[in-house]
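This report concerns only the one structure given below.
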Amino acid sequence: MTTTALGSDRLLDHPSFLVFWGARVLSAIGFQMSAVAIGWLVYALTGSAYSLGLVGLFQFLPMVVLTLLVGHVADRYDRRRIVQICLFVEGATLVVLALGILDGWLTVPGIFAAVLVLGAARAFEQPTMAALLPAVVPAGILPRALAVSSSAMQTATIVGPSIGGLLYAVGTTVPFAVAAACFLAACALMLAMRLERPAPRREPATLRSVFSGIAFIRSQPMILGAISLDMFAVLLGGATALLPIYAHDILQTGPWGLGLLRAAPAAGALVMSAVLTRVPLRRAVGHKMFAAVIVFGAATVVFAASTSLAVSLVALAVLGAADNVSVVIRSSLVQLLTPDGMRGRVSAVNSLFIGTSNQLGEFESGMAAGLLGAVPAGILGGVGTVVVALLWMRLFPALRKAQTLSG
């Protein structure tokens, strides 16, 4: 890599970023396809909202158990190799699921066990991938790289569920096999990636260093406020976890409809990612992030109350666009305010917060839907998201007043 390329502000001049982008797209497509297939399969076998909630719980538990270990591993060892191992494990697990379905020996507890393995692999993959990105582009274009990387994730989140739903209709094993191929291809891409900046100095493994990520976040009100806002807001506004119920019982559509519903938030986020790439967020980012979270909550309420597929798709698209604004601002603040040698540990804690909002949010939504019904649970969650945003504006005034993505 030449100095000119290293200093270039064009992402296309950084081959490592292009490889990173491709691997992340394939990984996200594989994950989204498998998520649709697992959710539909579990609901088809059980007909239970509680079982859908358990899928989220089994994805979340490894993050809780492994967070501190993940962060320290990501800061001590080659982040590329960690990601490669995780991608291989995820691909192999989906191969086992496909074989279990094909041979007829796969049970619901077996699916939950596979989800647990996938959750453990993603517990290592996600924060390590996040910590890896700043090493493949110069710091000056990191916010743009984050936006483009986010658009890659959203593109995959559109394509993955849609293809997953269609392939599930072709045959139950097909989406699992194709998703496994995506993960293994992403693993192969990571083998070709080279870093543009050296890896951080390895810190000796001590009890203090393991917990230092938590201590650092506590000392940074902007980072603490940003990641905790995401956790509580999405935890309450997790109506999208109930999409199989909405598709099957309320909107009365099939796997293809579930694929459309899952893709709608990503479609809105993709459009917003394109906007943010052309018109970067430069001023009043704190106010914009809180406004986006409030819009997210309001869109959740509209979706939960809708009985029309068209209205539901529009509400989910708005929800995805608003979430993308929040994600880009929050991710940029966390990355730019964190020293490189701490990024693994901070990203691990951040991933735990994200996992709490997503996977534990799915569990919470499933339990709430089982007790109250899907519609009341979704409306209540959306209202709760708005309340959390308003409360966090008072609790973290520095975050609300943040002007730029570097604080």
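Each chain in the structure tokens gets a letter, A, B, ..., in the order shown, and its residues are numbered from 1; ligands are numbered from 1 in order too.
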
Could you give me, as number ranges by chain, the residues within 10 Å of Ala192 in chain A, counting only C-alpha atoms and dropping anything in the same chain fewer than 4 positions from it? A: 16, 19-20, 80, 187-188

Can you pull out every residue within 9 Å of Gln126 in chain A, counting only C-alpha atoms, but drop anything in the same chain fewer than 5 positions away, and send it as number ranges by chain? A: 83, 121, 131, 347-348, 351

Exercise: Cys86 in chain A partners within 8 Å, only C-alpha atoms, chain neighbours under 6 positions left out, as a list of chain:residue names: A:Ala121, A:Arg122, A:Phe124, A:Glu125

One-decimal distance in Å that lies between CA of Thr404 in chain A and CA of Arg282 in chain A: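 CA of Thr404 in chain A lies at a distance of 5.5 Å from CA of Arg282 in chain A.
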
Leaving out range 286-303 of chain A and any residue of its chain fewer than 6 positions from it, which residues lie within 6 Å of it when counting only C-alpha atoms, given as a list in words?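 Once the adjacent positions are removed, what remains is Ser312, Ala315, Leu319, Ala322, Ser326, Ile379, Gly382, Thr385, Val386, Leu399, Arg400, Lys401 and Ala402 of chain A.
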
Those residues with C-alpha atoms, as a PDB file, in the first residue's frame please?
```pdb
ATOM      1  CA  SER A 312     -46.531  -2.131   7.645  1.00  0.00           C
ATOM      2  CA  ALA A 315     -43.592   1.953   8.738  1.00  0.00           C
ATOM      3  CA  LEU A 319     -38.053   2.671  11.239  1.00  0.00           C
ATOM      4  CA  ALA A 322     -34.251   6.363  11.531  1.00  0.00           C
ATOM      5  CA  SER A 326     -28.706   6.563  15.091  1.00  0.00           C
ATOM      6  CA  ILE A 379     -47.420  -0.477  20.696  1.00  0.00           C
ATOM      7  CA  GLY A 382     -42.725   1.831  20.677  1.00  0.00           C
ATOM      8  CA  THR A 385     -38.669   3.830  23.102  1.00  0.00           C
ATOM      9  CA  VAL A 386     -39.863   7.444  22.832  1.00  0.00           C
ATOM     10  CA  LEU A 399     -24.438  13.702  24.253  1.00  0.00           C
ATOM     11  CA  ARG A 400     -27.481  15.796  23.376  1.00  0.00           C
ATOM     12  CA  LYS A 401     -25.237  18.838  22.755  1.00  0.00           C
ATOM     13  CA  ALA A 402     -22.622  16.926  20.678  1.00  0.00           C
TER      14      ALA A 402
END
```

For CA of Ile227 in chain A and CA of Pro161 in chain A, quote the distance in Å rounded to one decimal.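 That distance, rounded to one decimal, is 26.4 Å.
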
Need the shell around range 304-309 of chain A: protein/DNA/RNA residues with any atom at most 12 Å away, counting only C-alpha atoms. Skip same-chain ones fewer than 3 positions apart. Format as number ranges by chain? A: 237-243, 245-254, 257-258, 260-261, 264, 297-301, 312-316, 319, 365, 369, 373-383

Nearest to Leu57 in chain A: which of A:Gly225, A:Gly22, A:Gly119, A:Gly39 is it, counting only C-alpha atoms?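 Closest to Leu57 in chain A of all the choices is A:Gly119.
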
Restricting the calculation to only C-alpha atoms: of A:Ile214, A:Ala135, A:Met272, A:Leu189, which residue gets closest to His14 in chain A? A:Ala135

Selection near range 219-224 of chain A, 8 Å with only C-alpha atoms, sequence-local residues under 3 positions removed, as number ranges by chain: A: 215-216, 227-228, 330, 333-334, 337, 396, 398-399, 407

Quote the spacing between CA of Asp78 in chain A and CA of Ala23 in chain A in Å to one decimal place.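 Distance reported for this atom pair: 16.6 Å.
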
As a PyMOL selection string, please: every residue in range 32-214 of chain A that DSSP puts in alpha helix (DSSP H). chain A and resi 32-46+49-76+79-103+108-132+142-170+174-191+207-214

Residues within 10 Å of range 340-344 of chain A, please, as a ChimeraX atom specification. Count only C-alpha atoms; anything in the same chain fewer than 3 positions from it doesn't count. /A:68,70-76,79,124,127-132,134-135,199-203,209,212-213,216,334-337,347-350

Expected file: the selected residues, C-alpha atoms, as a PDB file, in the first residue's frame:
```
ATOM      1  CA  LEU A  68     -15.054  -9.598  28.742  1.00  0.00           C
ATOM      2  CA  VAL A  70     -14.046 -11.408  23.654  1.00  0.00           C
ATOM      3  CA  GLY A  71     -12.789  -7.866  24.142  1.00  0.00           C
ATOM      4  CA  HIS A  72      -9.469  -8.944  25.575  1.00  0.00           C
ATOM      5  CA  VAL A  73      -8.937 -11.544  22.841  1.00  0.00           C
ATOM      6  CA  ALA A  74      -9.718  -8.921  20.165  1.00  0.00           C
ATOM      7  CA  ASP A  75      -7.070  -6.577  21.614  1.00  0.00           C
ATOM      8  CA  ARG A  76      -4.378  -9.269  22.057  1.00  0.00           C
ATOM      9  CA  ARG A  79      -8.363  -9.651  14.592  1.00  0.00           C
ATOM     10  CA  PHE A 124     -16.542 -12.888  18.921  1.00  0.00           C
ATOM     11  CA  PRO A 127     -16.926  -6.654  18.129  1.00  0.00           C
ATOM     12  CA  THR A 128     -13.759  -7.904  16.444  1.00  0.00           C
ATOM     13  CA  MET A 129     -15.073  -6.823  13.041  1.00  0.00           C
ATOM     14  CA  ALA A 130     -15.998  -3.419  14.464  1.00  0.00           C
ATOM     15  CA  ALA A 131     -12.544  -3.016  16.023  1.00  0.00           C
ATOM     16  CA  LEU A 132     -10.920  -4.083  12.743  1.00  0.00           C
ATOM     17  CA  PRO A 134     -10.390   1.571  11.794  1.00  0.00           C
ATOM     18  CA  ALA A 135      -7.248  -0.352  10.789  1.00  0.00           C
ATOM     19  CA  ALA A 199      -2.188  -3.969  14.968  1.00  0.00           C
ATOM     20  CA  PRO A 200      -2.283  -2.432  18.477  1.00  0.00           C
ATOM     21  CA  ARG A 201       0.384  -3.320  20.996  1.00  0.00           C
ATOM     22  CA  ARG A 202      -0.601  -6.391  22.974  1.00  0.00           C
ATOM     23  CA  GLU A 203      -1.345  -5.607  26.579  1.00  0.00           C
ATOM     24  CA  SER A 209      -6.945  -5.107  31.624  1.00  0.00           C
ATOM     25  CA  SER A 212     -10.627  -1.897  31.528  1.00  0.00           C
ATOM     26  CA  GLY A 213     -13.177  -1.623  28.702  1.00  0.00           C
ATOM     27  CA  PHE A 216     -13.165   3.339  30.048  1.00  0.00           C
ATOM     28  CA  VAL A 334     -17.677   5.147  19.946  1.00  0.00           C
ATOM     29  CA  GLN A 335     -14.910   4.484  17.399  1.00  0.00           C
ATOM     30  CA  LEU A 336     -13.476   8.000  17.227  1.00  0.00           C
ATOM     31  CA  LEU A 337     -13.462   8.550  20.998  1.00  0.00           C
ATOM     32  CA  SER A 347     -16.442  -2.901  20.984  1.00  0.00           C
ATOM     33  CA  ALA A 348     -17.128  -6.071  22.980  1.00  0.00           C
ATOM     34  CA  VAL A 349     -19.032  -4.147  25.630  1.00  0.00           C
ATOM     35  CA  ASN A 350     -20.796  -2.204  22.873  1.00  0.00           C
TER      36      ASN A 350
END
```
